[in-house]
file data_2.cif (mmCIF, C-alpha atoms (C1' of nucleotides))
data_model
#
loop_
_atom_site.label_atom_id
_atom_site.label_comp_id
_atom_site.auth_asym_id
_atom_site.auth_seq_id
_atom_site.Cartn_x
_atom_site.Cartn_y
_atom_site.Cartn_z
CA MET Z 145 75.67 103.10 92.10
CA PRO Z 146 77.62 99.98 91.16
CA THR Z 147 79.96 98.22 93.52
CA PRO Z 148 83.47 98.82 92.27
CA HIS Z 149 85.96 97.74 94.86
CA TYR Z 150 89.12 97.25 92.92
CA GLY Z 151 91.74 96.33 95.41
CA GLN Z 152 90.47 97.72 98.67
CA PRO Z 153 86.81 97.43 99.60
CA ARG Z 154 85.10 100.55 100.82
CA TYR Z 155 84.54 99.24 104.32
CA ARG Z 156 88.23 98.53 104.75
CA ALA Z 157 89.20 101.95 103.51
CA ILE Z 158 86.78 103.49 105.98
CA ALA Z 159 88.12 101.28 108.77
CA GLU Z 160 91.63 102.47 107.89
CA GLU Z 161 90.58 106.09 108.10
CA LEU Z 162 88.91 105.58 111.47
CA ARG Z 163 91.90 103.62 112.72
CA GLU Z 164 94.06 106.58 111.81
CA ARG Z 165 91.89 108.93 113.81
CA ILE Z 166 92.05 106.70 116.83
CA GLU Z 167 95.75 105.95 116.74
CA SER Z 168 96.61 109.54 116.00
CA GLY Z 169 94.56 110.67 118.95
CA ALA Z 170 92.08 112.62 116.87
CA ILE Z 171 89.57 110.39 118.59
CA PRO Z 172 91.05 110.07 122.07
CA PRO Z 173 90.85 106.85 124.08
CA GLY Z 174 87.50 106.42 125.73
CA ALA Z 175 85.79 108.93 123.48
CA LEU Z 176 82.73 108.14 121.43
CA LEU Z 177 83.11 107.70 117.72
CA PRO Z 178 80.69 109.59 115.51
CA THR Z 179 77.37 107.78 115.29
CA GLU Z 180 76.72 105.39 112.46
CA SER Z 181 74.30 107.92 111.09
CA ILE Z 182 76.94 110.65 110.99
CA LEU Z 183 79.56 108.34 109.50
CA THR Z 184 77.02 107.33 106.88
CA ALA Z 185 76.73 110.96 105.86
CA GLU Z 186 80.44 111.71 106.08
CA PHE Z 187 81.61 108.78 103.99
CA ARG Z 188 78.54 108.73 101.80
CA ALA Z 189 78.26 105.00 102.47
CA SER Z 190 75.33 102.89 103.53
CA ARG Z 191 74.90 102.06 107.14
CA GLY Z 192 75.71 98.45 106.47
CA THR Z 193 79.09 99.41 105.08
CA ILE Z 194 79.80 101.65 108.06
CA ARG Z 195 78.89 98.85 110.41
CA GLN Z 196 81.20 96.53 108.51
CA ALA Z 197 84.03 99.01 108.93
CA ILE Z 198 83.37 99.31 112.65
CA ALA Z 199 83.29 95.52 112.89
CA VAL Z 200 86.86 95.50 111.59
CA LEU Z 201 87.95 97.88 114.32
CA ARG Z 202 86.10 95.85 116.91
CA GLU Z 203 87.89 92.74 115.74
CA ALA Z 204 91.14 94.61 116.16
CA ALA Z 205 90.04 95.56 119.67
CA LEU Z 206 90.37 99.22 118.76
CA VAL Z 207 86.80 100.03 119.69
CA VAL Z 208 84.01 98.73 121.87
CA THR Z 209 80.37 99.08 120.89
CA GLU Z 210 77.46 99.28 123.29
CA HIS Z 211 73.86 98.89 122.28
CA GLY Z 212 72.00 102.17 122.39
CA ARG Z 213 75.05 104.06 123.55
CA GLY Z 214 77.61 104.18 120.82
CA THR Z 215 81.06 103.01 119.88
CA TYR Z 216 83.98 103.99 122.06
CA ALA Z 217 87.62 104.20 121.15
CA SER Z 218 89.44 101.58 123.13
CA LEU Z 219 91.53 102.62 126.10
CA ARG Z 220 94.37 100.82 124.50
CA PRO Z 221 95.29 102.25 121.13
CA LYS Z 222 98.33 100.94 119.31
CA VAL Z 223 99.79 97.90 120.94
CA GLY Z 224 102.73 98.00 118.63
CA ARG Z 225 106.18 99.29 119.26
CA ALA Z 226 105.88 102.27 121.43
CA VAL Z 227 108.85 104.49 120.73
CA THR Z 228 109.55 104.76 124.41
CA GLY Z 229 110.52 101.46 125.84
CA GLY Z 230 107.80 99.11 124.73
CA ARG Z 231 110.17 96.24 124.63
CA ALA Z 232 108.96 92.72 124.69
CA GLU Z 233 110.72 89.83 126.32
CA ALA Z 234 110.44 86.32 125.10
CA ARG Z 235 110.62 83.17 127.12
CA PRO Z 236 110.12 79.82 125.44
CA GLN Z 237 108.76 77.17 127.70
CA GLU Z 238 106.95 73.88 127.59
CA VAL Z 239 103.47 73.74 129.01
CA ALA Z 240 100.65 71.22 129.11
CA ALA Z 241 97.73 71.77 126.75
CA ASP Z 242 94.53 72.82 128.49
CA PRO Z 243 91.27 71.44 127.05
CA GLU Z 244 90.75 74.31 124.67
CA LEU Z 245 94.27 74.25 123.30
CA ALA Z 246 94.10 70.48 123.04
CA ALA Z 247 90.95 70.71 120.97
CA LEU Z 248 92.40 73.36 118.71
CA PHE Z 249 95.60 71.46 118.06
CA SER Z 250 93.90 68.09 117.86
CA VAL Z 251 95.98 66.56 120.62
CA GLU Z 252 95.30 65.03 123.99
CA VAL Z 253 94.82 67.26 126.97
CA GLY Z 254 98.13 67.60 128.71
CA THR Z 255 100.23 67.26 125.60
CA ALA Z 256 103.32 69.42 125.76
CA LEU Z 257 103.14 72.65 123.80
CA VAL Z 258 105.65 75.39 123.34
CA GLU Z 259 104.63 78.61 124.96
CA HIS Z 260 106.19 81.87 123.96
CA GLN Z 261 105.45 84.82 126.18
CA SER Z 262 106.06 88.43 125.36
CA ILE Z 263 105.27 91.44 127.44
CA ASP Z 264 104.30 94.85 126.20
CA ARG Z 265 105.39 97.53 128.62
CA ARG Z 266 105.00 101.27 128.53
CA ASP Z 267 106.97 103.31 130.95
CA GLY Z 268 107.62 100.13 132.83
CA VAL Z 269 103.92 99.40 133.20
CA VAL Z 270 102.71 96.13 131.74
CA GLN Z 271 100.15 96.89 129.10
CA ALA Z 272 99.58 93.45 127.71
CA VAL Z 273 100.88 89.92 127.95
CA VAL Z 274 100.87 87.81 124.82
CA ARG Z 275 101.22 84.05 124.94
CA THR Z 276 101.72 82.10 121.77
CA TYR Z 277 101.25 78.34 121.72
CA ARG Z 278 102.61 75.94 119.12
CA LEU Z 279 103.11 72.23 118.77
CA LEU Z 280 106.55 70.87 119.60
CA ARG Z 281 106.50 69.08 116.31
CA PRO Z 282 103.78 70.02 113.87
CA ASN Z 283 101.62 67.09 112.84
CA GLN Z 284 100.32 66.79 109.30
CA MET P 116 57.70 90.21 107.90
CA PRO P 117 58.65 92.09 111.04
CA THR P 118 61.87 91.54 112.86
CA PRO P 119 61.02 90.09 116.23
CA HIS P 120 64.09 88.73 117.90
CA TYR P 121 63.06 88.32 121.46
CA GLY P 122 65.98 86.69 123.12
CA GLN P 123 67.70 84.88 120.31
CA PRO P 124 68.18 86.53 116.93
CA ARG P 125 67.52 84.43 113.88
CA TYR P 126 71.12 84.35 112.76
CA ARG P 127 72.25 82.97 116.09
CA ALA P 128 69.59 80.28 116.02
CA ILE P 129 70.73 79.29 112.54
CA ALA P 130 74.35 79.30 113.66
CA GLU P 131 73.39 77.02 116.54
CA GLU P 132 71.72 74.58 114.17
CA LEU P 133 74.71 74.51 111.86
CA ARG P 134 77.07 74.13 114.78
CA GLU P 135 75.07 71.10 115.83
CA ARG P 136 75.47 69.53 112.42
CA ILE P 137 79.19 70.07 112.46
CA GLU P 138 79.85 68.92 116.00
CA SER P 139 77.56 65.93 115.58
CA GLY P 140 79.41 64.93 112.45
CA ALA P 141 76.41 65.38 110.18
CA ILE P 142 78.74 67.72 108.34
CA PRO P 143 82.09 65.96 108.67
CA PRO P 144 85.38 67.84 109.07
CA GLY P 145 86.66 69.16 105.80
CA ALA P 146 83.29 68.85 104.07
CA LEU P 147 81.55 71.74 102.39
CA LEU P 148 78.58 73.29 104.05
CA PRO P 149 75.48 73.83 101.93
CA THR P 150 75.81 76.94 99.80
CA GLU P 151 74.41 80.21 101.04
CA SER P 152 71.76 79.88 98.38
CA ILE P 153 70.65 76.51 99.68
CA LEU P 154 70.71 77.63 103.29
CA THR P 155 68.65 80.64 102.31
CA ALA P 156 65.99 78.30 100.97
CA GLU P 157 66.19 75.85 103.85
CA PHE P 158 65.91 78.40 106.65
CA ARG P 159 63.72 80.77 104.68
CA ALA P 160 66.08 83.57 105.69
CA SER P 161 67.72 86.27 103.64
CA ARG P 162 71.23 85.77 102.41
CA GLY P 163 72.49 88.45 104.75
CA THR P 164 71.14 86.58 107.73
CA ILE P 165 72.70 83.33 106.55
CA ARG P 166 76.02 85.05 106.06
CA GLN P 167 75.77 86.49 109.55
CA ALA P 168 75.19 83.00 110.94
CA ILE P 169 78.21 81.67 109.10
CA ALA P 170 80.25 84.58 110.40
CA VAL P 171 79.48 83.39 113.91
CA LEU P 172 80.83 79.94 113.08
CA ARG P 173 83.87 81.47 111.46
CA GLU P 174 84.47 83.51 114.57
CA ALA P 175 84.33 80.30 116.57
CA ALA P 176 86.80 78.74 114.15
CA LEU P 177 84.28 76.05 113.29
CA VAL P 178 84.37 76.79 109.60
CA VAL P 179 86.61 78.34 106.99
CA THR P 180 85.25 80.17 103.99
CA GLU P 181 86.94 80.56 100.62
CA HIS P 182 85.89 82.99 97.95
CA GLY P 183 84.25 81.23 95.03
CA ARG P 184 84.59 77.85 96.65
CA GLY P 185 82.42 77.60 99.67
CA THR P 186 82.52 77.17 103.41
CA TYR P 187 84.25 74.14 104.87
CA ALA P 188 83.79 72.56 108.25
CA SER P 189 87.05 72.86 110.15
CA LEU P 190 89.35 69.92 110.54
CA ARG P 191 89.09 70.15 114.24
CA PRO P 192 88.60 67.05 116.33
CA LYS P 193 85.26 66.04 117.71
CA VAL P 194 87.17 65.81 120.95
CA GLY P 195 85.26 68.91 121.86
CA ARG P 196 83.06 66.68 123.89
CA ALA P 197 83.85 67.35 127.50
CA VAL P 198 81.88 70.52 127.94
CA THR P 199 83.13 71.20 131.41
CA GLY P 200 82.75 74.87 130.90
CA GLY P 201 84.99 74.50 127.89
CA ARG P 202 83.66 76.95 125.38
CA ALA P 203 84.79 76.51 121.85
CA GLU P 204 86.12 80.03 122.02
CA ALA P 205 84.34 83.13 122.90
CA ARG P 206 86.23 86.08 121.58
CA PRO P 207 87.24 88.61 124.11
CA GLN P 208 86.58 86.88 127.38
CA GLU P 209 87.14 87.51 131.02
CA VAL P 210 89.47 85.14 132.78
CA ALA P 211 91.03 84.96 136.20
CA ALA P 212 94.66 85.97 136.48
CA ASP P 213 96.99 83.07 137.19
CA PRO P 214 99.91 83.75 139.54
CA GLU P 215 102.26 84.77 136.77
CA LEU P 216 99.83 87.14 135.12
CA ALA P 217 98.86 88.53 138.49
CA ALA P 218 102.50 89.29 139.23
CA LEU P 219 103.06 90.94 135.89
CA PHE P 220 100.01 93.14 136.15
CA SER P 221 100.50 93.80 139.85
CA VAL P 222 97.07 92.56 140.81
CA GLU P 223 95.68 89.86 143.06
CA VAL P 224 95.59 86.31 141.78
CA GLY P 225 92.15 85.69 140.37
CA THR P 226 91.58 89.25 139.26
CA ALA P 227 89.56 89.41 136.08
CA LEU P 228 91.57 90.01 132.95
CA VAL P 229 90.45 90.31 129.37
CA GLU P 230 91.69 87.49 127.21
CA HIS P 231 91.66 87.81 123.47
CA GLN P 232 92.40 84.68 121.53
CA SER P 233 93.32 84.48 117.90
CA ILE P 234 94.16 81.42 115.90
CA ASP P 235 96.63 81.12 113.12
CA ARG P 236 95.70 78.33 110.78
CA ARG P 237 96.95 77.11 107.45
CA ASP P 238 94.70 74.97 105.30
CA GLY P 239 92.44 74.60 108.26
CA VAL P 240 95.26 73.30 110.42
CA VAL P 241 95.98 75.26 113.54
CA GLN P 242 99.53 76.55 113.46
CA ALA P 243 99.51 78.72 116.52
CA VAL P 244 97.19 80.07 119.16
CA VAL P 245 97.82 83.52 120.52
CA ARG P 246 96.32 84.71 123.75
CA THR P 247 96.58 88.30 124.76
CA TYR P 248 95.82 89.43 128.27
CA ARG P 249 94.98 92.92 129.40
CA LEU P 250 93.52 94.64 132.40
CA LEU P 251 89.84 95.45 132.31
CA ARG P 252 90.61 98.88 133.64
CA PRO P 253 94.06 100.07 132.63
CA ASN P 254 95.56 101.58 135.75
CA GLN P 255 98.18 104.00 134.65
"C1'" DA K 205 91.55 78.43 75.84
"C1'" DG K 206 87.28 80.44 76.58
"C1'" DA K 207 82.57 80.99 78.05
"C1'" DA K 208 79.15 80.01 81.30
"C1'" DA K 209 77.58 78.68 85.69
"C1'" DT K 210 78.34 78.61 90.57
"C1'" DT K 211 79.56 80.63 94.91
"C1'" DT K 212 81.17 83.96 97.99
"C1'" DG K 213 82.19 89.22 98.57
"C1'" DT K 214 80.69 93.94 98.61
"C1'" DC K 215 77.24 97.63 98.67
"C1'" DC K 216 72.87 99.84 98.71
"C1'" DG K 217 68.16 101.09 100.56
"C1'" DT K 218 64.51 100.24 103.68
"C1'" DA K 219 61.98 98.71 107.71
"C1'" DT K 220 61.54 97.39 112.28
"C1'" DG K 221 63.19 95.92 117.05
"C1'" DT K 222 65.66 97.00 121.35
"C1'" DA K 223 68.57 99.67 124.51
"C1'" DT K 224 69.90 104.00 126.21
"C1'" DC K 225 69.56 108.91 127.08
"C1'" DA D 153 57.37 109.60 126.69
"C1'" DG D 154 60.15 111.02 123.12
"C1'" DA D 155 64.52 111.12 120.82
"C1'" DT D 156 68.72 108.95 119.75
"C1'" DA D 157 71.63 105.01 118.59
"C1'" DC D 158 72.82 100.38 117.74
"C1'" DA D 159 70.86 95.45 116.24
"C1'" DT D 160 68.42 92.51 113.22
"C1'" DA D 161 66.32 91.32 108.82
"C1'" DC D 162 64.86 91.70 104.06
"C1'" DG D 163 65.64 92.19 99.01
"C1'" DG D 164 68.23 93.60 95.08
"C1'" DA D 165 72.39 94.44 92.34
"C1'" DC D 166 76.94 93.88 90.83
"C1'" DA D 167 82.07 92.16 91.59
"C1'" DA D 168 85.46 88.59 92.05
"C1'" DA D 169 87.18 83.85 92.55
"C1'" DT D 170 86.43 79.18 91.34
"C1'" DT D 171 84.73 75.40 88.90
"C1'" DT D 172 82.54 73.27 84.99
"C1'" DC D 173 81.57 72.64 80.31
#

call {"tool": "encode", "arguments": {"input": "data_2.cif", "output": "C-alpha cells"}}
result
Amino acid sequence: MPTPHYGQPRYRAIAEELRERIESGAIPPGALLPTESILTAEFRASRGTIRQAIAVLREAALVVTEHGRGTYASLRPKVGRAVTGGRAEARPQEVAADPELAALFSVEVGTALVEHQSIDRRDGVVQAVVRTYRLLRPNQ
Amino acid sequence: MPTPHYGQPRYRAIAEELRERIESGAIPPGALLPTESILTAEFRASRGTIRQAIAVLREAALVVTEHGRGTYASLRPKVGRAVTGGRAEARPQEVAADPELAALFSVEVGTALVEHQSIDRRDGVVQAVVRTYRLLRPNQ
DNA sequence: AGAAATTTGTCCGTATGTATC
DNA sequence: AGATACATACGGACAAATTTC
C-alpha cells in the first residue's frame, strides 16, 4: 500500500474522528478509548499511525495516556464557547517577566510584559484560566 | 538488536545530547541541525528514533523544523543559564496556585493546578506565550 | 524552466521491552 | 504467572517541499 495523503494525512483524519467521538460524548469524559489494537483494526491503519493520531489528541489535552492502562478521554472536553454562559473576561495588565517568560521573549527578567487574562466559566464555575503574555513593543 | 531502555530511552538520550549542543552554542541559534540522515549515521539509530528525539526538542521549543529544509536551532537566548529550577518548558505541568488563581478556582493558595503552556512564534521569534490553568480534579 | 538531488513527512510491518490487570 | 496494553526501536517505501544544477 502506497502512502497517498493528499491534503489530510491519515493520522489527522483519524484524530478528527476520535475528537468527534469525545466532544460529542460518544466517548464520555473519563472513559477509556478503544485500545490501539482495536483502533488499528477499525481504521485499518498501522499502530504507528494510530499512535500518531492519539498524540495529536494528547497535545490538544483531549486525552491522557497511561502506560499499561490505556488512553482516557479528558475530563475536560471542548474548552470552546459553551452555549450556556461560557463567557470570557479580558483584563489587560502589565506584569514582570518571570525567568521562563524572559528566556522565551529574549528579555531581562523583570521586563514588563502585557498579560491578558480570560476566564472560561460554565454555569458560573471556573473551568480554566488562560493567560496570554506579549511584549509591550515587539522587538525585531 | 533488542530494545533495552532501562531508565532512559535512546531517543531521550539523543535529545539530551542535541540539547547540549544547542545550549552550549555548538549549534548556534538559527543554524541548521545535522540532517536526519547524518544523525542516523552518527548515533547509529533508526530514522524514527532520531525523529522522536527531534520531536522532544521541538516540544521544548528548542528547534523548529521546516519541510524540505531542515531543523533549525531556535533563536532563543542562551540566557537560559540560571537553572534555579527553571525548566525550559515541560508541557503540562503542575504548579501552585497564586492568590488570584486560588480565588478564581475557589481553592487554597498553593493548591496544585495543571498548567499547559503553548508558544506562538513567527520565524522562530516568540510572539506570545499562552498559559492555561485548570484544576487537577474538576470539582463540579 | 525543468530535472535531479536533498530533506523532512507519512505509513507500514515487525519485534521486543515495560507497566498494568 | 499469564494476558493485555502502551512504549521503544528497527527497516523499508513512497510523498511532498525545498534547493541545486

call {"tool": "atom_distance", "arguments": {"input": "data_2.cif", "atom1": "CA of Thr179 in chain Z", "atom2": "CA of Gln167 in chain P"}}
result
22.1 Å

call {"tool": "interface_residues", "arguments": {"input": "data_2.cif", "of": "chain P", "to": "chain D", "cutoff": "7 Å", "atoms": "all atoms listed in the file", "output": "PyMOL selection string"}}
result
chain P and resi 118+161+164+182-184

call {"tool": "resolve_selection", "arguments": {"input": "data_2.cif", "expression": "the PyMOL selection byres ((chain Z) within 8 of (chain P))", "output": "list in words"}}
result
Leu219, Pro243, Glu244, Leu245, Ala247, Leu248, Phe249, Ser250, Val269, Val270, Gln271, Ala272, Val273, Val274, Arg275, Thr276, Tyr277, Arg278, Leu279 and Pro282 of chain Z

call {"tool": "resolve_selection", "arguments": {"input": "data_2.cif", "expression": "the PyMOL selection byres ((chain P) within 12 of (chain K))", "output": "mmCIF file with C-alpha atoms, in the frame of the given file"}}
result
data_model
loop_
_atom_site.group_PDB
_atom_site.id
_atom_site.type_symbol
_atom_site.label_atom_id
_atom_site.label_comp_id
_atom_site.auth_asym_id
_atom_site.auth_seq_id
_atom_site.Cartn_x
_atom_site.Cartn_y
_atom_site.Cartn_z
ATOM 1 C CA MET P 116 57.700 90.210 107.900
ATOM 2 C CA PRO P 117 58.650 92.090 111.040
ATOM 3 C CA THR P 118 61.870 91.540 112.860
ATOM 4 C CA PRO P 119 61.020 90.090 116.230
ATOM 5 C CA HIS P 120 64.090 88.730 117.900
ATOM 6 C CA TYR P 121 63.060 88.320 121.460
ATOM 7 C CA GLY P 122 65.980 86.690 123.120
ATOM 8 C CA PRO P 124 68.180 86.530 116.930
ATOM 9 C CA LEU P 147 81.550 71.740 102.390
ATOM 10 C CA LEU P 148 78.580 73.290 104.050
ATOM 11 C CA PRO P 149 75.480 73.830 101.930
ATOM 12 C CA THR P 150 75.810 76.940 99.800
ATOM 13 C CA GLU P 151 74.410 80.210 101.040
ATOM 14 C CA SER P 152 71.760 79.880 98.380
ATOM 15 C CA ILE P 153 70.650 76.510 99.680
ATOM 16 C CA ARG P 162 71.230 85.770 102.410
ATOM 17 C CA GLY P 163 72.490 88.450 104.750
ATOM 18 C CA ARG P 166 76.020 85.050 106.060
ATOM 19 C CA ILE P 169 78.210 81.670 109.100
ATOM 20 C CA VAL P 179 86.610 78.340 106.990
ATOM 21 C CA THR P 180 85.250 80.170 103.990
ATOM 22 C CA GLU P 181 86.940 80.560 100.620
ATOM 23 C CA HIS P 182 85.890 82.990 97.950
ATOM 24 C CA GLY P 183 84.250 81.230 95.030
ATOM 25 C CA ARG P 184 84.590 77.850 96.650
ATOM 26 C CA GLY P 185 82.420 77.600 99.670
ATOM 27 C CA THR P 186 82.520 77.170 103.410
#

call {"tool": "atom_distance", "arguments": {"input": "data_2.cif", "atom1": "CA of Leu206 in chain Z", "atom2": "CA of Arg188 in chain Z"}}
result
22.8 Å

call {"tool": "residues_around", "arguments": {"input": "data_2.cif", "residues": "Ile165 in chain P", "least_positions_apart": "6", "cutoff": "8 Å", "atoms": "only C-alpha atoms (C1' of nucleotides)", "output": "PDB file with C-alpha atoms, in the coordinates of the input"}}
result
ATOM      1  CA  TYR P 126      71.120  84.350 112.760  1.00  0.00           C
ATOM      2  CA  ILE P 129      70.730  79.290 112.540  1.00  0.00           C
ATOM      3  CA  GLU P 151      74.410  80.210 101.040  1.00  0.00           C
ATOM      4  CA  LEU P 154      70.710  77.630 103.290  1.00  0.00           C
ATOM      5  CA  THR P 155      68.650  80.640 102.310  1.00  0.00           C
TER       6      THR P 155
END

call {"tool": "atom_distance", "arguments": {"input": "data_2.cif", "atom1": "CA of Gly145 in chain P", "atom2": "CA of Ala188 in chain P"}}
result
5.1 Å

call {"tool": "axis_aligned_box", "arguments": {"input": "data_2.cif", "around": "range 164-169 of chain P", "padding_each_side": "3 Å", "output": "AutoDock Vina command-line options"}}
result
--center_x 74.7 --center_y 84.1 --center_z 108.5 --size_x 13.1 --size_y 10.9 --size_z 10.9
